Amino acid sequence: MKSSGKTFLDNYGSLLLLLLGISIGCLIGIFAKDIVPYIKPLGDIFLNLLFVSIIPLIFFAISSSVANIEGNNRLGRIMTVMALVFLTTIVIAAISMIVVLKLFPIDQVIKEVQPSDSVLLAPDETWGDRIVRFLTVGEFADLLSRQSMLAFVIFSFLVGIAARKTGDTARPFIIFINAGNEVMKNLLILIMKIAPIGLGAYFSFQVYDLGPKLFDIYAKPMAIYYGYGIIYFFVFFTMYVFIANGRKGIKSYWKNNILPSFTAISTCSSLATMPVNLNAAPHMGIPSSVSNVVIPLGTTLHKHGSSLSSILKIYVAFVLIGWDFFEPTTMIIAVAITVLVSIVAGGIPNGGYIGEMLMISIYGLPTEAIPAVMIIGTLVDPLATVLNATGDTMAAMLVTRFSGEKFANVNDV
């Protein structure tokens with residue numbers, strides 16, 4: 001009995017501390033609002049420490065993983081399967097939300113309006129300029145900003161490929177990036193020691209800041225998003241990990257997805273959750289050759305929560321101004337926008353605003369729709385981030401399954 005108690009505390013002690021911190025934070029946000037502004041900096045400090053570690057962590061994780069993959073065919077297979085998994089699951093999420101909205105319509109028309117001119121691009125920006133801006137930066141120093149995450153991920157990936165092609169001459173460099181990867185993992189472990197305090201402070205601020213807004217005219221869209229989002233989270237993710245690794249996949253995924261989920265919902269940041277995902281991936285049996293590539297790329301390119309919220313925001317905007325969302329062309333464009341939003345939104349808090357502006361410009365939505373889209377985007381951000389961030393480890397499991405990689409054996413204790 002004594003030994004059993006020790007095992008329980010060893011396995012779940014950190015989780016219990018995390019839940020205690022979050023619970024205290026929620027209570028403070030409800031009953032002690034005056035002190036929330038004073039403890040919020042604790043959450044900011046925790047989040048900033050995660051953000052500071054992200055850039056080197058991404059570089060060492062991706063470059064070392066790619067550099068150590070044996071054979072060009074293996075790397076190409078992983079990347080091809082990853083792209084198919086990302087695209088397929090995002091489109092499925094978008095279509096499923098359209099079905100839900102058809103079954104549970106929202107009737108709240110403000111007034112009938114005519115569309116404004118569609119502005120796909122800024123007057124001084126071409127499509128080529130926009131692609132260049134998404135994929136690259138002009139100065140090396142700009143790579144180190146999390147505003148340039150996609151460009152930095154591409155750079156890290158190319159460094160790994162270059163190291164592989166260099167051969168024996170690059171062996172010291174590969175040893176360096178492998179060591180750097182281990183160092184950054186241990187840095188993450190140190191930072192996560194203060195997670196109960198940091199996440200508790202963030203939860204207190206979210207309850208304090210967003211609580212009253214949940215009961216105004218956005219209640220029904222919120223109920224639909226959170227109701228279906230939770231169902232999607234448990235049902236679809238469970239289905240995907242079962243496809244990936246059967247019952248073992250279900251057990252290993254949900255057992256090790258608790259901390260990433262709480263990190264995502266409290267920080268509203270996929271980037272802040274990425275280091276936690278990378279730490280959880282080995283315990284889910286995901287090989288490092290897959291997790292170190294799929295999870296960082298997924299943080300930027302793979303967003304289930306953004307897919308669901310993009311469809312909801314387009315639908316609500318159409319309803320508020322009296323347009324027909326369920327016209328076939330409109331729905332097809334909505335799914336296409338969802339795929340684009342998954343690329344351009346980024347992994348930063350409230351990064352969905354970029355996608356919202358893209359959606360407004362493509363449809364030529366009038367100014368009456370903009371406040372609703374913005375507010376809904378903010379209110380659904382916590383759950384959207386959970387779906388975005390934790391969907392990356394789920395995707396990594398699917399990539400492992402369909403790329404022919406082998407799941408590692410994990411302890412069931």
# chains A, B, ... in the order shown; residues from 1 in each chain; ligands from 1
>>> closest_atom_pairs(of="region 28-85 of chain A", to="region 381-396 of chain A", cutoff="10 Å", atoms="only C-alpha atoms", output="JSON lines")
{"residue": "A:Ile78", "atom": "CA", "partner": "A:Ala396", "partner_atom": "CA", "distance": 9.8}
{"residue": "A:Val81", "atom": "CA", "partner": "A:Ala396", "partner_atom": "CA", "distance": 9.9}
{"residue": "A:Met82", "atom": "CA", "partner": "A:Ala395", "partner_atom": "CA", "distance": 7.6}
{"residue": "A:Val85", "atom": "CA", "partner": "A:Ala395", "partner_atom": "CA", "distance": 6.6}
>>> residues_around(residues="Ser156 (chain A)", least_positions_apart="5", cutoff="9 Å", atoms="only C-alpha atoms", output="count of residues only")
8
>>> closest_atom_pairs(of="region 36-105 of chain A", to="region 297-315 of chain A", cutoff="10 Å", atoms="only C-alpha atoms", output="Markdown table")
| residue | atom | partner | partner_atom | distance |
| --- | --- | --- | --- | --- |
| A:Ile58 | CA | A:Leu297 | CA | 9.3 |
| A:Ile62 | CA | A:Leu297 | CA | 8.9 |
| A:Met82 | CA | A:Gly298 | CA | 8.9 |
| A:Ala83 | CA | A:Leu301 | CA | 9.3 |
| A:Val85 | CA | A:His302 | CA | 9.2 |
| A:Phe86 | CA | A:His302 | CA | 5.7 |
| A:Leu87 | CA | A:His302 | CA | 8.0 |
| A:Thr89 | CA | A:His304 | CA | 7.5 |
| A:Ile90 | CA | A:His304 | CA | 5.7 |
| A:Val91 | CA | A:Ser307 | CA | 7.7 |
| A:Ile92 | CA | A:Ser307 | CA | 9.1 |
| A:Ala93 | CA | A:Leu308 | CA | 6.1 |
| A:Ala94 | CA | A:Ser307 | CA | 5.4 |
| A:Ile95 | CA | A:Ile311 | CA | 8.6 |
| A:Ser96 | CA | A:Leu308 | CA | 8.2 |
| A:Met97 | CA | A:Leu308 | CA | 5.8 |
| A:Ile98 | CA | A:Ile311 | CA | 6.9 |
| A:Val100 | CA | A:Leu312 | CA | 9.8 |
| A:Leu101 | CA | A:Leu312 | CA | 7.8 |
| A:Pro105 | CA | A:Tyr315 | CA | 9.4 |
>>> atom_distance(atom1="CA of Asp168 (chain A)", atom2="CA of Phe152 (chain A)")
25.6 Å
>>> residues_around(residues="region 177-188 of chain A", least_positions_apart="2", cutoff="8 Å", atoms="only C-alpha atoms", output="list of chain:residue names")
A:Leu50, A:Ser53, A:Pro56, A:Leu57, A:Phe60, A:Ala61, A:Ser63, A:Ser64, A:Phe173, A:Ile174, A:Ile175, A:Leu190, A:Ile191, A:Met192, A:Pro275, A:Val276, A:Asn279
>>> write_last_selection(atoms="N, CA and C atoms", output="PDB file, in the first residue's frame")
ATOM      1  N   LEU A  50       8.273  30.451 -21.523  1.00  0.00           N
ATOM      2  CA  LEU A  50       7.989  29.474 -22.575  1.00  0.00           C
ATOM      3  C   LEU A  50       8.317  30.041 -23.954  1.00  0.00           C
ATOM      4  N   SER A  53      11.985  30.119 -24.745  1.00  0.00           N
ATOM      5  CA  SER A  53      12.567  28.805 -25.046  1.00  0.00           C
ATOM      6  C   SER A  53      12.118  28.253 -26.389  1.00  0.00           C
ATOM      7  N   PRO A  56      14.876  28.540 -29.761  1.00  0.00           N
ATOM      8  CA  PRO A  56      15.935  27.514 -29.796  1.00  0.00           C
ATOM      9  C   PRO A  56      15.379  26.100 -29.779  1.00  0.00           C
ATOM     10  N   LEU A  57      14.256  25.887 -29.092  1.00  0.00           N
ATOM     11  CA  LEU A  57      13.682  24.546 -29.048  1.00  0.00           C
ATOM     12  C   LEU A  57      13.250  24.094 -30.436  1.00  0.00           C
ATOM     13  N   PHE A  60      16.534  23.356 -32.627  1.00  0.00           N
ATOM     14  CA  PHE A  60      17.238  22.118 -32.310  1.00  0.00           C
ATOM     15  C   PHE A  60      16.356  20.895 -32.551  1.00  0.00           C
ATOM     16  N   ALA A  61      15.045  20.994 -32.245  1.00  0.00           N
ATOM     17  CA  ALA A  61      14.161  19.843 -32.419  1.00  0.00           C
ATOM     18  C   ALA A  61      14.023  19.467 -33.890  1.00  0.00           C
ATOM     19  N   SER A  63      15.878  20.627 -36.675  1.00  0.00           N
ATOM     20  CA  SER A  63      17.131  20.387 -37.400  1.00  0.00           C
ATOM     21  C   SER A  63      17.778  19.069 -36.991  1.00  0.00           C
ATOM     22  N   SER A  64      17.766  18.753 -35.686  1.00  0.00           N
ATOM     23  CA  SER A  64      18.381  17.493 -35.254  1.00  0.00           C
ATOM     24  C   SER A  64      17.569  16.299 -35.731  1.00  0.00           C
ATOM     25  N   PHE A 173      28.684  19.099 -36.104  1.00  0.00           N
ATOM     26  CA  PHE A 173      27.522  19.981 -36.040  1.00  0.00           C
ATOM     27  C   PHE A 173      26.281  19.196 -35.616  1.00  0.00           C
ATOM     28  N   ILE A 174      26.126  17.976 -36.146  1.00  0.00           N
ATOM     29  CA  ILE A 174      24.972  17.153 -35.776  1.00  0.00           C
ATOM     30  C   ILE A 174      25.023  16.792 -34.299  1.00  0.00           C
ATOM     31  N   ILE A 175      26.238  16.494 -33.802  1.00  0.00           N
ATOM     32  CA  ILE A 175      26.386  16.230 -32.367  1.00  0.00           C
ATOM     33  C   ILE A 175      25.962  17.457 -31.559  1.00  0.00           C
ATOM     34  N   LEU A 190      12.550  22.485 -16.367  1.00  0.00           N
ATOM     35  CA  LEU A 190      12.745  23.491 -15.314  1.00  0.00           C
ATOM     36  C   LEU A 190      11.634  24.538 -15.345  1.00  0.00           C
ATOM     37  N   ILE A 191      11.286  25.004 -16.535  1.00  0.00           N
ATOM     38  CA  ILE A 191      10.245  26.037 -16.649  1.00  0.00           C
ATOM     39  C   ILE A 191       8.902  25.509 -16.171  1.00  0.00           C
ATOM     40  N   MET A 192       8.614  24.239 -16.461  1.00  0.00           N
ATOM     41  CA  MET A 192       7.315  23.681 -16.103  1.00  0.00           C
ATOM     42  C   MET A 192       7.163  23.480 -14.604  1.00  0.00           C
ATOM     43  N   PRO A 275       6.212  23.305 -26.546  1.00  0.00           N
ATOM     44  CA  PRO A 275       7.228  22.588 -25.767  1.00  0.00           C
ATOM     45  C   PRO A 275       6.633  21.480 -24.902  1.00  0.00           C
ATOM     46  N   VAL A 276       5.444  21.708 -24.364  1.00  0.00           N
ATOM     47  CA  VAL A 276       4.783  20.684 -23.550  1.00  0.00           C
ATOM     48  C   VAL A 276       4.377  19.507 -24.420  1.00  0.00           C
ATOM     49  N   ASN A 279       7.342  17.387 -25.085  1.00  0.00           N
ATOM     50  CA  ASN A 279       7.684  16.604 -23.908  1.00  0.00           C
ATOM     51  C   ASN A 279       6.741  15.417 -23.733  1.00  0.00           C
TER      52      ASN A 279
END
>>> atom_distance(atom1="CA of Gly43 (chain A)", atom2="CA of Ile30 (chain A)")
17.0 Å
>>> residues_around(residues="Tyr240 (chain A)", least_positions_apart="3", cutoff="8 Å", atoms="only C-alpha atoms", output="PDB file with C-alpha atoms, in the first residue's frame")
ATOM      1  CA  PHE A 236     -12.858  12.842 -33.143  1.00  0.00           C
ATOM      2  CA  PHE A 237      -9.484  12.887 -31.399  1.00  0.00           C
ATOM      3  CA  ILE A 243      -6.873   4.673 -36.046  1.00  0.00           C
ATOM      4  CA  ALA A 244      -3.243   5.488 -35.317  1.00  0.00           C
ATOM      5  CA  MET A 394      -2.786  13.462 -32.475  1.00  0.00           C
ATOM      6  CA  LEU A 398      -1.469   9.449 -37.436  1.00  0.00           C
TER       7      LEU A 398
END
>>> closest_residue(among="A:Ile45, A:Leu320, A:Val399, A:Leu19", to="Thr267 (chain A)", atoms="only C-alpha atoms")
A:Ile45
>>> residues_around(residues="Asn277 (chain A)", least_positions_apart="4", cutoff="7 Å", atoms="only C-alpha atoms", output="MDAnalysis selection string")
chainID A and resid 260 273 281 393
>>> write_last_selection(atoms="C-alpha atoms", output="CSV table (one decimal), in the first residue's frame")
chain,number,residue,atom,x,y,z
A,260,PRO,CA,-0.8,20.2,-22.9
A,273,THR,CA,1.9,24.6,-25.7
A,281,ALA,CA,5.1,13.0,-27.4
A,393,THR,CA,0.3,15.3,-31.1
>>> residues_around(residues="Arg164 (chain A)", least_positions_apart="6", cutoff="9 Å", atoms="only C-alpha atoms", output="list of chain:residue names")
A:Val66, A:Ala67, A:Asn68, A:Ile69, A:Glu70, A:Ala170, A:Ile174
>>> write_last_selection(atoms="N, CA and C atoms", output="PDB file, in the first residue's frame")
ATOM      1  N   VAL A  66      15.599  16.078 -38.444  1.00  0.00           N
ATOM      2  CA  VAL A  66      15.798  15.898 -39.882  1.00  0.00           C
ATOM      3  C   VAL A  66      17.202  15.394 -40.185  1.00  0.00           C
ATOM      4  N   ALA A  67      18.190  15.928 -39.481  1.00  0.00           N
ATOM      5  CA  ALA A  67      19.580  15.525 -39.727  1.00  0.00           C
ATOM      6  C   ALA A  67      19.821  14.058 -39.404  1.00  0.00           C
ATOM      7  N   ASN A  68      19.032  13.514 -38.461  1.00  0.00           N
ATOM      8  CA  ASN A  68      19.262  12.137 -38.026  1.00  0.00           C
ATOM      9  C   ASN A  68      18.353  11.122 -38.710  1.00  0.00           C
ATOM     10  N   ILE A  69      17.454  11.593 -39.578  1.00  0.00           N
ATOM     11  CA  ILE A  69      16.629  10.651 -40.337  1.00  0.00           C
ATOM     12  C   ILE A  69      17.485   9.978 -41.398  1.00  0.00           C
ATOM     13  N   GLU A  70      17.440   8.673 -41.422  1.00  0.00           N
ATOM     14  CA  GLU A  70      18.257   7.918 -42.362  1.00  0.00           C
ATOM     15  C   GLU A  70      17.485   7.692 -43.660  1.00  0.00           C
ATOM     16  N   ALA A 170      29.861  17.081 -41.404  1.00  0.00           N
ATOM     17  CA  ALA A 170      28.879  17.732 -40.537  1.00  0.00           C
ATOM     18  C   ALA A 170      28.649  16.993 -39.230  1.00  0.00           C
ATOM     19  N   ILE A 174      26.126  17.976 -36.146  1.00  0.00           N
ATOM     20  CA  ILE A 174      24.972  17.153 -35.776  1.00  0.00           C
ATOM     21  C   ILE A 174      25.023  16.792 -34.299  1.00  0.00           C
TER      22      ILE A 174
END
>>> atom_distance(atom1="CA of Ile265 (chain A)", atom2="CA of Val339 (chain A)")
22.5 Å
>>> residues_around(residues="Ser204 (chain A)", least_positions_apart="5", cutoff="6 Å", atoms="only C-alpha atoms", output="list in words")
Gly25, Cys26, Ile28 and Gly29 of chain A
>>> closest_residue(among="A:Ala408, A:Leu18, A:Ile35, A:Ile337", to="Tyr208 (chain A)", atoms="only C-alpha atoms")
A:Ile35
>>> select_by_dssp(residues="region 192-329 of chain A", states="alpha helix (DSSP H)", output="MDAnalysis selection string")
chainID A and resid 195:210 219:231 237:256 258:267 270:280 288:301 304:320 328:329
>>> write_last_selection(atoms="C-alpha atoms", output="mmCIF file, in the first residue's frame")
data_model
loop_
_atom_site.group_PDB
_atom_site.id
_atom_site.type_symbol
_atom_site.label_atom_id
_atom_site.label_comp_id
_atom_site.auth_asym_id
_atom_site.auth_seq_id
_atom_site.Cartn_x
_atom_site.Cartn_y
_atom_site.Cartn_z
ATOM 1 C CA ALA A 195 3.369 25.819 -14.211
ATOM 2 C CA PRO A 196 0.871 25.575 -11.289
ATOM 3 C CA ILE A 197 1.535 29.207 -10.369
ATOM 4 C CA GLY A 198 1.762 30.525 -13.923
ATOM 5 C CA LEU A 199 -1.286 28.728 -15.271
ATOM 6 C CA GLY A 200 -3.277 29.506 -12.131
ATOM 7 C CA ALA A 201 -2.564 33.210 -12.624
ATOM 8 C CA TYR A 202 -3.661 32.999 -16.248
ATOM 9 C CA PHE A 203 -6.872 31.185 -15.378
ATOM 10 C CA SER A 204 -7.730 33.850 -12.813
ATOM 11 C CA PHE A 205 -7.323 36.559 -15.453
ATOM 12 C CA GLN A 206 -9.436 34.715 -18.039
ATOM 13 C CA VAL A 207 -12.280 34.197 -15.591
ATOM 14 C CA TYR A 208 -11.995 37.836 -14.529
ATOM 15 C CA ASP A 209 -11.765 39.218 -18.080
ATOM 16 C CA LEU A 210 -14.154 37.077 -20.132
ATOM 17 C CA ALA A 219 -24.357 33.118 -25.905
ATOM 18 C CA LYS A 220 -25.774 30.813 -28.606
ATOM 19 C CA PRO A 221 -22.719 30.887 -30.915
ATOM 20 C CA MET A 222 -20.580 30.299 -27.826
ATOM 21 C CA ALA A 223 -22.784 27.405 -26.708
ATOM 22 C CA ILE A 224 -22.539 25.833 -30.160
ATOM 23 C CA TYR A 225 -18.772 26.228 -30.339
ATOM 24 C CA TYR A 226 -17.986 25.019 -26.830
ATOM 25 C CA GLY A 227 -20.616 22.282 -26.930
ATOM 26 C CA TYR A 228 -19.534 20.866 -30.267
ATOM 27 C CA GLY A 229 -15.873 21.693 -29.686
ATOM 28 C CA ILE A 230 -15.790 19.533 -26.561
ATOM 29 C CA ILE A 231 -17.577 16.717 -28.394
ATOM 30 C CA PHE A 237 -9.484 12.887 -31.399
ATOM 31 C CA THR A 238 -10.236 9.518 -29.807
ATOM 32 C CA MET A 239 -11.209 8.158 -33.224
ATOM 33 C CA TYR A 240 -8.018 9.486 -34.808
ATOM 34 C CA VAL A 241 -5.663 8.096 -32.152
ATOM 35 C CA PHE A 242 -7.510 4.746 -32.300
ATOM 36 C CA ILE A 243 -6.873 4.673 -36.046
ATOM 37 C CA ALA A 244 -3.243 5.488 -35.317
ATOM 38 C CA ASN A 245 -2.467 2.963 -32.590
ATOM 39 C CA GLY A 246 -5.619 1.172 -31.467
ATOM 40 C CA ARG A 247 -6.539 1.025 -27.795
ATOM 41 C CA LYS A 248 -2.933 1.634 -26.809
ATOM 42 C CA GLY A 249 -3.107 4.894 -28.711
ATOM 43 C CA ILE A 250 -6.249 5.996 -26.887
ATOM 44 C CA LYS A 251 -4.751 5.231 -23.479
ATOM 45 C CA SER A 252 -1.343 6.780 -24.116
ATOM 46 C CA TYR A 253 -2.791 9.878 -25.784
ATOM 47 C CA TRP A 254 -5.357 10.854 -23.167
ATOM 48 C CA LYS A 255 -3.107 9.960 -20.259
ATOM 49 C CA ASN A 256 -0.405 12.312 -21.515
ATOM 50 C CA ILE A 258 -3.745 16.520 -19.756
ATOM 51 C CA LEU A 259 -0.884 18.958 -19.206
ATOM 52 C CA PRO A 260 -0.818 20.168 -22.855
ATOM 53 C CA SER A 261 -4.589 20.741 -22.672
ATOM 54 C CA PHE A 262 -4.382 22.822 -19.491
ATOM 55 C CA THR A 263 -1.406 24.751 -20.853
ATOM 56 C CA ALA A 264 -3.311 25.552 -24.044
ATOM 57 C CA ILE A 265 -6.567 26.597 -22.394
ATOM 58 C CA SER A 266 -4.859 28.868 -19.885
ATOM 59 C CA THR A 267 -2.308 30.554 -22.157
ATOM 60 C CA SER A 270 -0.253 27.076 -29.442
ATOM 61 C CA LEU A 271 3.364 28.215 -29.295
ATOM 62 C CA ALA A 272 3.400 28.118 -25.506
ATOM 63 C CA THR A 273 1.926 24.605 -25.660
ATOM 64 C CA MET A 274 4.387 23.290 -28.235
ATOM 65 C CA PRO A 275 7.228 22.588 -25.767
ATOM 66 C CA VAL A 276 4.783 20.684 -23.550
ATOM 67 C CA ASN A 277 3.587 18.711 -26.574
ATOM 68 C CA LEU A 278 7.157 17.797 -27.466
ATOM 69 C CA ASN A 279 7.684 16.604 -23.908
ATOM 70 C CA ALA A 280 4.478 14.526 -23.968
ATOM 71 C CA SER A 288 11.279 11.663 -32.230
ATOM 72 C CA SER A 289 11.806 11.501 -35.997
ATOM 73 C CA VAL A 290 8.096 12.247 -36.349
ATOM 74 C CA SER A 291 7.298 14.419 -33.309
ATOM 75 C CA ASN A 292 10.210 16.816 -33.805
ATOM 76 C CA VAL A 293 9.016 17.556 -37.333
ATOM 77 C CA VAL A 294 5.219 17.277 -37.131
ATOM 78 C CA ILE A 295 4.612 19.137 -33.858
ATOM 79 C CA PRO A 296 6.595 22.322 -34.661
ATOM 80 C CA LEU A 297 5.163 22.438 -38.189
ATOM 81 C CA GLY A 298 1.703 21.650 -36.854
ATOM 82 C CA THR A 299 1.890 24.575 -34.453
ATOM 83 C CA THR A 300 1.859 26.855 -37.491
ATOM 84 C CA LEU A 301 0.003 24.832 -40.115
ATOM 85 C CA HIS A 304 -8.598 22.120 -35.687
ATOM 86 C CA GLY A 305 -9.896 24.819 -33.364
ATOM 87 C CA SER A 306 -9.288 27.534 -35.947
ATOM 88 C CA SER A 307 -11.045 25.398 -38.539
ATOM 89 C CA LEU A 308 -14.179 25.116 -36.398
ATOM 90 C CA SER A 309 -14.129 28.770 -35.322
ATOM 91 C CA SER A 310 -13.509 30.035 -38.856
ATOM 92 C CA ILE A 311 -16.691 28.365 -40.095
ATOM 93 C CA LEU A 312 -18.647 29.609 -37.072
ATOM 94 C CA LYS A 313 -17.455 33.201 -37.480
ATOM 95 C CA ILE A 314 -18.296 33.278 -41.187
ATOM 96 C CA TYR A 315 -21.725 31.826 -40.431
ATOM 97 C CA VAL A 316 -22.463 34.298 -37.611
ATOM 98 C CA ALA A 317 -21.346 37.226 -39.758
ATOM 99 C CA PHE A 318 -23.684 36.090 -42.538
ATOM 100 C CA VAL A 319 -26.586 35.629 -40.115
ATOM 101 C CA LEU A 320 -26.130 39.031 -38.503
ATOM 102 C CA PRO A 328 -23.017 26.003 -52.045
ATOM 103 C CA THR A 329 -20.398 28.448 -53.334
#
